[in-house]
Amino acid sequence: MSLTLDEVRRIARLARLRLSPEEEAAFVGQLSAILDHVALLGELDVSQVEPMTHALAAGEASPLRQDVPLPCLTTEEALANAPAREGSCFKVPRIIE
Amino acid sequence: MPVQDFQVVLGLEVHAQLLTRTKIFCGCPTTFGGQPNTHVCPVCLGLPGVLPVLNRKVVEFAVLTGLALGCAIREKSVFARKNYFYPDLPKGYQVSQYEAPICEGGGLTVTVDGREKHVRLTRIHMEEDAGKNLHDVSADGSSGVDLNRAGVPLLEIVSEPDLRSAEEAVEYLKALRAILLTLGVNDGNLEEGSFRCDANVSVMRHGATQYGTRAEIKNMNSFRYLRQAVEYEVRRQVELVEAGLPVPQETRLFDPVRGETRSMRSKEDAHDYRYFPEPDLPPVLVSPAEVERVRATLPELPRARAARYVAALGLPPSDAALLAGDRATADFFDATVALRGGAAEGARQAANWLNGEVARLVNETGLAPGAWKLTPAHLAAVLSLLDAGAINAAGAKVVVEEAFRSGADPAEVIQRRGLTQVSDTGAIEAVVAGVLAAAPAEVERHRSGKKDLTGFFVGQVMKALKGQGNPAVVNALLKKKLGGG
Amino acid sequence: MSAAAELTGLSLRAVSQRLQAGQVSSRELVEACLSRIEATDGRVGAFLHVTAAAARAAAAESDARQAAGRRLGPLDGVPVALKDLFLTKGVPTTAGSKLLEGFIPPVDGTAVARLKGAGAVLLGKLNMDEFAMGSSNENSAFRPCHNPWDLTRTPGGSSGGSAAALAARQVYGTLGSDTGGSIRLPASFCGVVGVKPTWGRVSRSGVVAFASSLDQPGPLGREVWDAAALLQAIAGQDPADQTTSARPVDDYLGGLEGGAGGLRIGVPAEWFQGGLEPGVEAAVRAALATYQRLGATLVEISLPHSRYGIGAYYLIATAEASSNLARYDGVRFGHRAAGVRGLKELYAESRAQGFGAEPKRRIMLGTYALSSGYYDAYYLRAQKVRTLIRRDFDAAFARCDVVAGPVAPGPAFRLGEKTGDPLQMYLADIFTITCNLAALPGLSVPCGLSGGLPVGLQLVGRPFDEAGLLRAARALERELGPSPAPAALEAP
Ligand SMILES: [Mg+2]
Ligand SMILES: [Zn+2]
């Protein structure tokens with residue numbers, strides 16, 4: 001299983017990662033190597049096996065939350081870590097729809 | 001006209017905000033408006049290291065809605081992450097449901113110009129709403145992000161592509177809205193977007209076996225816009241097909257100003273959502289016992305209620321549907337009828353007044369039933385006074401209007417404005433005699449049969465009685481006096 | 001040896017007893033630890049952030065409680081430190097990433113709040129691989145962390161600072177997180193005790209996420225008792241994490257001295273096949289022999305699907321990570337690229353500048369594993385293989401009470417030794433990963449040295465049997481004694 005440069009670029013776009021040409025080239029090799037190892041899983045017949053998506057036994061999880069309001073952050077607390085703000089909004093470049 | 005050669009194929013995706021007190025995955029209140037980012041916490045801000053905690057009420061509302069729409073309720077449903085980047089989506093994914101939604105199947109029946117039409121549902125699932133992007137918040141044209149709405153619970157209700165016209169789509173949406181309102185899970189506000197709908201529209205030549213490519217239309221925040229958007233989109237697609245051009249699969253935005261739909265560039269590459277089961281939330285378990293507990297709380301739904309009005313109270317189907325379509329109005333109606341002893345006769349009257357005079361006042365004032373000053377007791381009293389002949393229809397209108405606007409007591413209004421109807425024969429006889437004596441010429445023409453002037457005389461008498469004469473008595477006496485007297 | 005050095009040499013258990021007896025004050029312990037950090041951390045690099053002022057204040061409060069006879073418990077007044085992915089209110093939390101440099105959480109995570117509630121004194125935040133992605137701590141965006149036993153070697157990762165700080169006698173207890181071995185591997189490399197609890201035993205709320213279905217916070221200590229006391233404080237259901245178990249928490253300290261008599265220890269053939277460094281194998285086998293002497297019996301077991309562990313792990317962990325790391329977009333917090341044109345550039349540039357090579361690599365792999373057309377072949381298949389791995393353990397636990405083996409194929413490797421080849425680095429987790437995939441509790445307890453470097457014995461238990469694991473580990477520790485202090489730091 002080996003990845004092409006185009007696939008690496010498609011994935012990077014999907015993941016919103018700008019990669020340098022060097023990174024793109026490196027990932028083609030490295031990801032392919034990992035996928036080769038991963039191909040080992042193909043040996044197994046898992047057609048009759050349930051996926052283990054949630055590790056807790058059914059019913060063991062914590063109960064659902066009651067519909068009762070809890071205190072919020074103040075607007076200042078909410079925006080304290082924001083790299084850019086405008087009034088009480090998080091500021092982002094113009095969004096075109 | 002080419003459009004006739006084509007079959008319209010329509011499905012609607014409705015997003016309904018649930019009327020819970022808190023958000024779906026955190027304790028922030030769902031009330032918004034006002035300052036941006038005032039109802040947020042680390043969870044709905046999507047800060048690092050925080051986890052969703054599911055609101056029990058959201059599950060209960062989903063089950064209630066599913067039962068009302070005849071869906072199968074999953075004992076074990078699973079939340080999934082829908083991954084895409086957008087500023088109003090703090091975590092970079094929306095927590096929704098994908099392979100195992102809480103409700104599946106079901107449907108609802110709507111009446112479109114007299115015909116009954118059953119529209120099947122594909123599914124109903126729970127998910128979180130996104131925040132709001134505010135445009136041009138600063139001089140440099142930047143946008144702003146307000147996350148007060150982020151995490152407000154939504155039900156996504158997806159229909160099968162069973163709809164065949166804009167008309168059907170509108171009726172379906174109205175019926176669905178009425179049901180959610182009756183259940184009390186949603187406020188049905190299209191304008192403010194707490195009840196939103198997207199339409200999947202495609203066209204195919206009659207007799208064709210394969211659906212055409214569909215376009216997803218967004219931003220139709222009124223029934224009128226839904227009709228406009230669908231009609232426009234159908235014309236657009238038919239023209240493409242007629243011209244032998246392909247219909248691209250895309251998301252299009254309805255522009256209410258131009259009444260057109262246009263392609264949404266922002267959605268271009270958002271179609272590899274990489275769904276996978278949300279590992280931070282265990283599966284949602286709903287036991288059959290829980291389902292039955294919720295089923296027991298189901299209110300009477302609009303269609304059933306209308307049917308009852310027709311069968312038990314003899315209302316005309318159209319009147320019955322009109323009343324039952326709005327839970328508050330229907331409750332008002334039921335209360336009024338009960339106060340009048342539940343008789344069919346009284347019921348028809350009450351229905352006429354609610355759909356007539358009261359509806360007129362509602363349109364005029366825009367007041368929701370909750371805001372009326374008029375009470376069932378008021379209306380019942382007015383109807384009784386009418387029956388007793390204590391007031392006439394004209395007087396009753398005045399009383400109802402005053403009660404509706406000010407909550408004034410009918411008896412008091414009748415008193416104050418002297419609306420008591422005159423039925424005393426002696427008094428009316430005297431007035432009639434006076435009127436006839438004052439108009440010998442007309443009397444002559446009437447008697448000679450040249451012209452029937454009954455209306456003229458009734459008018460004169462009523463005028464003299466300040467509109468409060470009992471019309472029956474007045475007519476009887478005039479007949480007596482004019483007919484050879 | 002100075003009084004301060006003598007103090008920092010004590011175990012958490014010992015200082016807890018002295019605090020209880022009023023023989024030492026929390027303030028004295030804090031000062032001793034701070035000067036030890038001052039003296040050694042330039043060479044070790046365990047700390048990313050030291051909260052001296054807050055620690056002194058908390059110590060004063062603890063001493064006041066002690067004076068008033070209102071001591072909160074065994075942790076009251078004890079200096080501890082946290083892997084830098086635990087959210088700490090008002091204290092920078094970076095997860096070892098440039099992307100989160102300067103991020104200050106508005107709240108404490110659940111484990112942190114519980115430690116504070118037990119009176120523990122927070123000394124600071126510890127070095128780690130960026131977003132807990134790594135096995136050597138070399139992926140820290142800020143500074144390398146060195147193994148106190150040999151400063152040219154890694155402390156292991158990703159909780160490298162949590163283990164190194166203990167080995168360096170800088171603090172009495174630490175918290176780390178374990179997604180594929182990130183507590184047990186550094187514990188083994190640094191000669192301390194590290195516990196990875198059952199998934200769902202300790203709240204993940206307030207712990208920066210790497211791979212949600214595998215992540216589990218846990219304690220590290222210089223002795224089993226120390227780790228048990230910390231676990232006792234942080235374990236249990238949390239309304240802020242619906243994946244925490246509703247089961248009551250066992251009394252870990254109460255049953256600690258129960259011994260190993262009658263214990264059935266499963267020894268998986270797969271964990272001893274090839275590639276095992278001889279010194280490591282010798283130490284592990286010797287530990288098993290010790291258990292036999294203590295009245296335990298060894299049972300040959302098989303975990304046939306172990307060989308698929310690494311593959312399943314790297315699909316599940318990276319897929320979940322690709323989604324968990326999507327929130328780092330430069331909008332609400334964290335690094336934001338300057339001078340970008342438009343939204344897409346804001347995302348792509350901020351993330352390109354903020355993430356190091358390993359998170360990028362894993363985001364890429366995980367995005368690919370989830371992308372349309374590949375989900376079934378990769379993520380879904382891996383989750384099914386997980387079920388098979390769990391079944392292997394379930395079958396084994398029908399015949400034994402704990403599974404024992406090495407933590408890693410070798411002792412601490414040299415800094416830079418594996419950085420060139422990601423896959424080789426991933427293989428360091430080969431024995432620890434199945435425990436995470438099966439959501440089982442596991443720990444590493446020192447069982448000797450190989451070439452002068454610590455070796456850890458790994459014990460894996462039944463779901464929620466942390467008490468049984470700790471009891472078994474304590475039985476060995478009573479025989480071998482806790483690992484000694486490394487000499488490297490004391491050399492002039
Ligand atoms: Mg949706
Ligand atoms: Zn919130």
# chains A, B, ... in the order shown; residues from 1 in each chain; ligands from 1
>>> residues_near_ligand(ligand="ligand 1", cutoff="10 Å", atoms="only C-alpha atoms and all ligand atoms", output="JSON list (two decimals) with N, CA, C and O atoms, in the first residue's frame")
[["chain", "number", "residue", "atom", "x", "y", "z"],
["B", 13, "GLU", "N", -35.25, 18.35, 4.46],
["B", 13, "GLU", "CA", -34.51, 18.12, 5.70],
["B", 13, "GLU", "C", -34.83, 19.28, 6.63],
["B", 13, "GLU", "O", -34.52, 20.43, 6.30],
["B", 14, "VAL", "N", -35.48, 18.96, 7.75],
["B", 14, "VAL", "CA", -35.86, 20.01, 8.68],
["B", 14, "VAL", "C", -34.93, 19.97, 9.89],
["B", 14, "VAL", "O", -34.62, 18.90, 10.41],
["B", 15, "HIS", "N", -34.46, 21.16, 10.30],
["B", 15, "HIS", "CA", -33.70, 21.27, 11.55],
["B", 15, "HIS", "C", -34.55, 22.05, 12.54],
["B", 15, "HIS", "O", -34.87, 23.21, 12.29],
["B", 16, "ALA", "N", -34.94, 21.40, 13.62],
["B", 16, "ALA", "CA", -35.79, 22.04, 14.62],
["B", 16, "ALA", "C", -35.05, 22.16, 15.95],
["B", 16, "ALA", "O", -34.62, 21.16, 16.52],
["B", 82, "LYS", "N", -19.18, 14.54, 12.66],
["B", 82, "LYS", "CA", -19.17, 14.98, 11.26],
["B", 82, "LYS", "C", -18.08, 16.03, 11.17],
["B", 82, "LYS", "O", -18.20, 17.13, 11.71],
["B", 94, "GLN", "N", -19.07, 18.41, 14.03],
["B", 94, "GLN", "CA", -20.39, 18.53, 14.64],
["B", 94, "GLN", "C", -20.73, 17.17, 15.22],
["B", 94, "GLN", "O", -20.60, 16.15, 14.55],
["B", 95, "VAL", "N", -21.16, 17.15, 16.49],
["B", 95, "VAL", "CA", -21.61, 15.89, 17.08],
["B", 95, "VAL", "C", -23.05, 15.68, 16.63],
["B", 95, "VAL", "O", -23.94, 16.48, 16.93],
["B", 96, "SER", "N", -23.25, 14.63, 15.85],
["B", 96, "SER", "CA", -24.54, 14.34, 15.23],
["B", 96, "SER", "C", -24.79, 12.83, 15.35],
["B", 96, "SER", "O", -24.13, 12.16, 16.14],
["B", 97, "GLN", "N", -25.73, 12.31, 14.58],
["B", 97, "GLN", "CA", -25.89, 10.87, 14.50],
["B", 97, "GLN", "C", -25.84, 10.48, 13.04],
["B", 97, "GLN", "O", -26.25, 11.25, 12.18],
["B", 98, "TYR", "N", -25.30, 9.30, 12.77],
["B", 98, "TYR", "CA", -25.07, 8.92, 11.38],
["B", 98, "TYR", "C", -25.63, 7.54, 11.07],
["B", 98, "TYR", "O", -26.75, 7.42, 10.60],
["B", 125, "HIS", "N", -32.73, 12.46, 13.76],
["B", 125, "HIS", "CA", -31.59, 12.31, 14.66],
["B", 125, "HIS", "C", -31.31, 13.57, 15.46],
["B", 125, "HIS", "O", -31.79, 14.64, 15.15],
["B", 126, "MET", "N", -30.56, 13.37, 16.55],
["B", 126, "MET", "CA", -30.19, 14.47, 17.44],
["B", 126, "MET", "C", -28.83, 15.00, 17.02],
["B", 126, "MET", "O", -27.96, 14.24, 16.63],
["B", 127, "GLU", "N", -28.65, 16.32, 17.10],
["B", 127, "GLU", "CA", -27.34, 16.90, 16.84],
["B", 127, "GLU", "C", -27.25, 18.28, 17.48],
["B", 127, "GLU", "O", -28.22, 18.80, 18.02],
["B", 128, "GLU", "N", -26.04, 18.84, 17.42],
["B", 128, "GLU", "CA", -25.83, 20.16, 18.02],
["B", 128, "GLU", "C", -25.87, 21.23, 16.94],
["B", 128, "GLU", "O", -25.43, 21.01, 15.82],
["B", 129, "ASP", "N", -26.42, 22.40, 17.28],
["B", 129, "ASP", "CA", -26.44, 23.52, 16.36],
["B", 129, "ASP", "C", -25.05, 24.15, 16.32],
["B", 129, "ASP", "O", -24.24, 23.95, 17.23],
["B", 130, "ALA", "N", -24.76, 24.89, 15.25],
["B", 130, "ALA", "CA", -23.49, 25.63, 15.15],
["B", 130, "ALA", "C", -23.70, 27.02, 15.73],
["B", 130, "ALA", "O", -24.82, 27.40, 16.07],
["B", 154, "LEU", "N", -30.68, 20.21, 18.35],
["B", 154, "LEU", "CA", -31.50, 20.17, 17.14],
["B", 154, "LEU", "C", -32.03, 18.76, 16.93],
["B", 154, "LEU", "O", -31.36, 17.79, 17.28],
["B", 155, "LEU", "N", -33.23, 18.67, 16.36],
["B", 155, "LEU", "CA", -33.66, 17.42, 15.74],
["B", 155, "LEU", "C", -33.57, 17.65, 14.24],
["B", 155, "LEU", "O", -34.07, 18.65, 13.74],
["B", 156, "GLU", "N", -32.89, 16.73, 13.54],
["B", 156, "GLU", "CA", -32.93, 16.78, 12.08],
["B", 156, "GLU", "C", -33.93, 15.74, 11.63],
["B", 156, "GLU", "O", -33.80, 14.55, 11.94],
["B", 157, "ILE", "N", -34.96, 16.21, 10.92],
["B", 157, "ILE", "CA", -36.05, 15.34, 10.48],
["B", 157, "ILE", "C", -35.97, 15.25, 8.96],
["B", 157, "ILE", "O", -36.15, 16.24, 8.26],
["B", 158, "VAL", "N", -35.64, 14.06, 8.47],
["B", 158, "VAL", "CA", -35.37, 13.88, 7.04],
["B", 158, "VAL", "C", -36.50, 13.10, 6.39],
["B", 158, "VAL", "O", -36.83, 11.99, 6.82],
["B", 198, "ASP", "N", -34.18, 22.63, 4.62],
["B", 198, "ASP", "CA", -33.44, 22.55, 3.36],
["B", 198, "ASP", "C", -34.23, 21.63, 2.45],
["B", 198, "ASP", "O", -34.88, 20.71, 2.92]]
>>> closest_atom_pairs(of="chain A", to="ligand 2", cutoff="12 Å", atoms="only C-alpha atoms and all ligand atoms", output="tab-separated table")
residue	atom	partner	partner_atom_place_in_ligand_line	distance
A:Pro69	CA	ligand 2	1 (Zn)	9.6
A:Leu70	CA	ligand 2	1 (Zn)	8.5
A:Pro71	CA	ligand 2	1 (Zn)	8.8
A:Cys72	CA	ligand 2	1 (Zn)	6.5
A:Leu73	CA	ligand 2	1 (Zn)	8.3
A:Thr74	CA	ligand 2	1 (Zn)	11.3
A:Ala78	CA	ligand 2	1 (Zn)	10.4
>>> closest_atom_pairs(of="chain A", to="chain B", cutoff="6 Å", atoms="only C-alpha atoms", output="tab-separated table")
residue	atom	partner	partner_atom	distance
A:Leu64	CA	B:Arg56	CA	5.2
A:Arg65	CA	B:Asn55	CA	4.8
A:Gln66	CA	B:Arg56	CA	5.8
A:Asp67	CA	B:Thr22	CA	5.8
A:Pro69	CA	B:Gly27	CA	4.7
A:Leu70	CA	B:Gly27	CA	4.6
A:Cys72	CA	B:Cys41	CA	5.1
A:Leu73	CA	B:Cys41	CA	5.2
A:Thr75	CA	B:Thr38	CA	5.3
A:Ser88	CA	B:Pro36	CA	5.8
A:Cys89	CA	B:Gly144	CA	5.2
A:Phe90	CA	B:Val145	CA	5.0
A:Lys91	CA	B:Gly144	CA	4.7
A:Val92	CA	B:Ser143	CA	5.4
A:Pro93	CA	B:Ser142	CA	4.8
A:Arg94	CA	B:Ser142	CA	4.3
A:Glu97	CA	B:Ser266	CA	4.8
>>> closest_atom_pairs(of="chain C", to="chain B", cutoff="9 Å", atoms="only C-alpha atoms", output="Markdown table")
| residue | atom | partner | partner_atom | distance |
| --- | --- | --- | --- | --- |
| C:Leu85 | CA | B:Gly49 | CA | 8.1 |
| C:Phe86 | CA | B:Gly49 | CA | 8.0 |
| C:Leu87 | CA | B:Gly49 | CA | 7.3 |
| C:Pro105 | CA | B:Leu47 | CA | 8.3 |
| C:Pro106 | CA | B:Pro42 | CA | 7.9 |
| C:Val107 | CA | B:Pro42 | CA | 8.2 |
| C:Gly109 | CA | B:Gly49 | CA | 8.1 |
| C:Arg204 | CA | B:Gly49 | CA | 7.5 |
| C:Ser205 | CA | B:Val50 | CA | 5.4 |
| C:Gly206 | CA | B:Gly49 | CA | 4.6 |
| C:Val207 | CA | B:Gly49 | CA | 4.6 |
| C:Val208 | CA | B:Gly49 | CA | 3.8 |
| C:Ala209 | CA | B:Gly49 | CA | 5.4 |
| C:Ala211 | CA | B:Pro279 | CA | 8.7 |
| C:Ser212 | CA | B:Pro279 | CA | 5.9 |
| C:Ser213 | CA | B:Pro279 | CA | 5.5 |
| C:Pro239 | CA | B:Val53 | CA | 7.7 |
| C:Ala240 | CA | B:Val53 | CA | 6.3 |
| C:Asp241 | CA | B:Leu51 | CA | 6.2 |
| C:Gln242 | CA | B:Val53 | CA | 6.1 |
| C:Thr243 | CA | B:Pro282 | CA | 6.2 |
| C:Ala319 | CA | B:Phe276 | CA | 8.9 |
| C:Glu320 | CA | B:Pro279 | CA | 8.2 |
| C:Ser323 | CA | B:Asn83 | CA | 6.9 |
| C:Asn324 | CA | B:Lys91 | CA | 7.7 |
| C:Leu325 | CA | B:Gly92 | CA | 8.2 |
| C:Ala326 | CA | B:Gly92 | CA | 4.8 |
| C:Arg327 | CA | B:Lys91 | CA | 4.4 |
| C:Tyr328 | CA | B:Lys91 | CA | 8.1 |
| C:Asp329 | CA | B:Gly92 | CA | 8.1 |
| C:Val331 | CA | B:Pro87 | CA | 7.2 |
| C:Arg332 | CA | B:Leu45 | CA | 7.7 |
| C:Phe333 | CA | B:Leu47 | CA | 7.9 |
| C:Leu343 | CA | B:Pro87 | CA | 8.5 |
| C:Lys344 | CA | B:Phe85 | CA | 8.9 |
| C:Tyr347 | CA | B:Phe85 | CA | 8.4 |
| C:Thr367 | CA | B:Arg274 | CA | 7.7 |
| C:Ala369 | CA | B:Arg274 | CA | 8.8 |
| C:Leu370 | CA | B:Arg274 | CA | 5.1 |
| C:Ser371 | CA | B:Arg274 | CA | 5.2 |
| C:Ser372 | CA | B:Asp272 | CA | 6.2 |
| C:Tyr375 | CA | B:Arg274 | CA | 7.8 |
| C:Tyr379 | CA | B:Phe276 | CA | 8.5 |
| C:Leu380 | CA | B:Phe276 | CA | 8.8 |
>>> select_by_dssp(residues="region 43-82 of chain B", states="strand (DSSP E)", output="ChimeraX atom specification")
/B:72-73,76-77,79-82
>>> closest_atom_pairs(of="chain A", to="chain C", cutoff="6 Å", atoms="only C-alpha atoms", output="tab-separated table")
residue	atom	partner	partner_atom	distance
A:Arg16	CA	C:Ala348	CA	4.5
A:Leu17	CA	C:Ala348	CA	4.4
A:Arg18	CA	C:Ala348	CA	4.9
A:Val38	CA	C:Gly311	CA	4.4
A:Val49	CA	C:Lys384	CA	5.8
A:Glu50	CA	C:Lys384	CA	5.7
A:Pro51	CA	C:Lys384	CA	4.0
A:Met52	CA	C:Gln383	CA	5.2
A:Glu60	CA	C:Ser245	CA	5.5
A:Ala61	CA	C:Ser245	CA	5.1
A:Ser62	CA	C:Gln242	CA	4.7
A:Asn81	CA	C:Phe333	CA	4.7
A:Ala82	CA	C:Arg332	CA	4.6
A:Pro93	CA	C:Gly342	CA	5.3
>>> write_last_selection(atoms="all heavy atoms", output="CSV table (one decimal), in the first residue's frame")
chain,number,residue,atom,x,y,z
A,16,ARG,N,-6.6,20.6,6.5
A,16,ARG,CA,-6.2,22.0,6.6
A,16,ARG,C,-4.8,22.2,7.2
A,16,ARG,O,-4.6,22.8,8.2
A,16,ARG,CB,-7.2,22.8,7.6
A,16,ARG,CG,-8.6,22.8,7.1
A,16,ARG,CD,-8.8,23.8,5.9
A,16,ARG,NE,-10.2,24.0,5.5
A,16,ARG,CZ,-10.9,23.2,4.7
A,16,ARG,NH1,-10.4,22.1,4.2
A,16,ARG,NH2,-12.2,23.6,4.5
A,17,LEU,N,-3.9,21.5,6.5
A,17,LEU,CA,-2.5,21.6,6.8
A,17,LEU,C,-1.7,22.0,5.6
A,17,LEU,O,-1.8,21.4,4.5
A,17,LEU,CB,-1.9,20.2,7.2
A,17,LEU,CG,-2.2,19.7,8.7
A,17,LEU,CD1,-1.6,18.3,8.8
A,17,LEU,CD2,-1.5,20.7,9.7
A,18,ARG,N,-1.0,23.2,5.7
A,18,ARG,CA,-0.2,23.6,4.6
A,18,ARG,C,1.1,22.8,4.7
A,18,ARG,O,1.8,23.0,5.7
A,18,ARG,CB,0.0,25.1,4.6
A,18,ARG,CG,0.5,25.6,3.2
A,18,ARG,CD,1.9,25.9,3.2
A,18,ARG,NE,2.4,26.7,4.3
A,18,ARG,CZ,3.5,26.5,4.9
A,18,ARG,NH1,4.3,25.5,4.6
A,18,ARG,NH2,3.9,27.2,5.9
A,38,VAL,N,0.3,-1.6,8.5
A,38,VAL,CA,-1.1,-1.7,8.8
A,38,VAL,C,-1.8,-2.8,8.0
A,38,VAL,O,-2.8,-3.4,8.4
A,38,VAL,CB,-1.7,-0.4,8.7
A,38,VAL,CG1,-3.2,-0.5,8.5
A,38,VAL,CG2,-1.3,0.5,9.8
A,49,VAL,N,-17.2,-10.0,13.3
A,49,VAL,CA,-16.7,-9.4,14.6
A,49,VAL,C,-17.3,-8.1,14.8
A,49,VAL,O,-17.4,-7.2,13.8
A,49,VAL,CB,-15.2,-9.3,14.6
A,49,VAL,CG1,-14.7,-8.7,15.9
A,49,VAL,CG2,-14.5,-10.7,14.3
A,50,GLU,N,-17.9,-7.8,16.0
A,50,GLU,CA,-18.4,-6.5,16.3
A,50,GLU,C,-17.2,-5.5,16.6
A,50,GLU,O,-16.3,-5.9,17.3
A,50,GLU,CB,-19.3,-6.6,17.6
A,50,GLU,CG,-20.7,-7.0,17.3
A,50,GLU,CD,-21.4,-6.0,16.4
A,50,GLU,OE1,-21.5,-4.8,16.8
A,50,GLU,OE2,-21.9,-6.3,15.3
A,51,PRO,N,-17.3,-4.3,16.1
A,51,PRO,CA,-16.3,-3.3,16.4
A,51,PRO,C,-16.4,-2.9,17.9
A,51,PRO,O,-17.4,-2.8,18.4
A,51,PRO,CB,-16.6,-2.1,15.5
A,51,PRO,CG,-18.0,-2.2,15.2
A,51,PRO,CD,-18.3,-3.7,15.2
A,52,MET,N,-15.2,-2.6,18.5
A,52,MET,CA,-15.2,-2.2,19.9
A,52,MET,C,-15.1,-0.6,19.9
A,52,MET,O,-14.1,-0.1,20.3
A,52,MET,CB,-14.0,-2.8,20.6
A,52,MET,CG,-13.9,-2.5,22.1
A,52,MET,SD,-12.6,-3.4,22.8
A,52,MET,CE,-12.2,-2.5,24.3
A,60,GLU,N,-22.9,0.9,31.8
A,60,GLU,CA,-21.9,1.2,32.9
A,60,GLU,C,-21.6,2.7,32.9
A,60,GLU,O,-21.0,3.2,33.9
A,60,GLU,CB,-20.7,0.3,32.7
A,60,GLU,CG,-19.7,0.4,33.9
A,60,GLU,CD,-18.7,-0.7,33.7
A,60,GLU,OE1,-18.9,-1.8,34.2
A,60,GLU,OE2,-17.6,-0.4,33.2
A,61,ALA,N,-21.9,3.4,31.8
A,61,ALA,CA,-21.6,4.8,31.7
A,61,ALA,C,-22.3,5.6,32.7
A,61,ALA,O,-23.3,5.2,33.3
A,61,ALA,CB,-21.9,5.2,30.3
A,62,SER,N,-21.8,6.8,32.9
A,62,SER,CA,-22.4,7.8,33.8
A,62,SER,C,-23.8,8.2,33.3
A,62,SER,O,-24.1,8.1,32.1
A,62,SER,CB,-21.6,9.1,33.9
A,62,SER,OG,-20.4,8.8,34.6
A,81,ASN,N,-8.4,33.8,25.7
A,81,ASN,CA,-7.3,33.2,24.9
A,81,ASN,C,-7.4,33.4,23.4
A,81,ASN,O,-6.6,32.9,22.6
A,81,ASN,CB,-7.4,31.7,25.1
A,81,ASN,CG,-6.8,31.3,26.5
A,81,ASN,OD1,-5.6,31.4,26.8
A,81,ASN,ND2,-7.7,30.8,27.4
A,82,ALA,N,-8.3,34.3,23.0
A,82,ALA,CA,-8.5,34.5,21.6
A,82,ALA,C,-7.4,35.3,20.9
A,82,ALA,O,-6.9,36.3,21.5
A,82,ALA,CB,-9.8,35.3,21.3
A,93,PRO,N,-11.0,36.2,9.3
A,93,PRO,CA,-11.1,36.9,8.0
A,93,PRO,C,-12.5,36.8,7.4
A,93,PRO,O,-13.3,35.9,7.8
A,93,PRO,CB,-10.1,36.1,7.2
A,93,PRO,CG,-9.2,35.4,8.2
A,93,PRO,CD,-10.0,35.1,9.4
>>> atom_distance(atom1="CA of Cys400 (chain C)", atom2="CA of Arg264 (chain C)")
4.7 Å
>>> atom_distance(atom1="CA of Glu466 (chain C)", atom2="CA of Leu175 (chain C)")
16.0 Å
>>> atom_distance(atom1="CA of Ala175 (chain B)", atom2="CA of Ala330 (chain B)")
15.0 Å
>>> residues_around(residues="region 207-212 of chain B", least_positions_apart="4", cutoff="9 Å", atoms="only C-alpha atoms", output="list of chain:residue names")
B:Phe6, B:Gln7, B:Val9, B:Val201, B:Ser202, B:Val203, B:Val247
>>> residues_around(residues="region 296-299 of chain B", least_positions_apart="3", cutoff="8 Å", atoms="only C-alpha atoms", output="VMD selection string")
chain B and resid 64 68 182 to 183 292 to 293
>>> select_by_dssp(residues="region 183-370 of chain C", states="helix (DSSP H, G or I)", output="count of residues only")
88
>>> decode(residues="region 91-95 of chain A", atoms="N, CA, C and O atoms", output="compact mmCIF listing (two decimals), in the first residue's frame")
# COMPACT_ATOMS: atom_id res chain seq x y z
N LYS A 91 -12.63 37.15 16.17
CA LYS A 91 -12.47 37.78 14.86
C LYS A 91 -11.81 36.82 13.88
O LYS A 91 -10.82 36.18 14.20
N VAL A 92 -12.40 36.70 12.69
CA VAL A 92 -11.84 35.86 11.63
C VAL A 92 -11.86 36.64 10.31
O VAL A 92 -12.61 37.60 10.18
N PRO A 93 -11.04 36.19 9.35
CA PRO A 93 -11.08 36.86 8.05
C PRO A 93 -12.49 36.79 7.45
O PRO A 93 -13.26 35.90 7.79
N ARG A 94 -12.79 37.72 6.57
CA ARG A 94 -14.10 37.78 5.93
C ARG A 94 -14.51 36.40 5.41
O ARG A 94 -13.74 35.70 4.77
N ILE A 95 -15.75 36.02 5.75
CA ILE A 95 -16.28 34.74 5.28
C ILE A 95 -17.18 34.97 4.07
O ILE A 95 -18.10 35.77 4.13
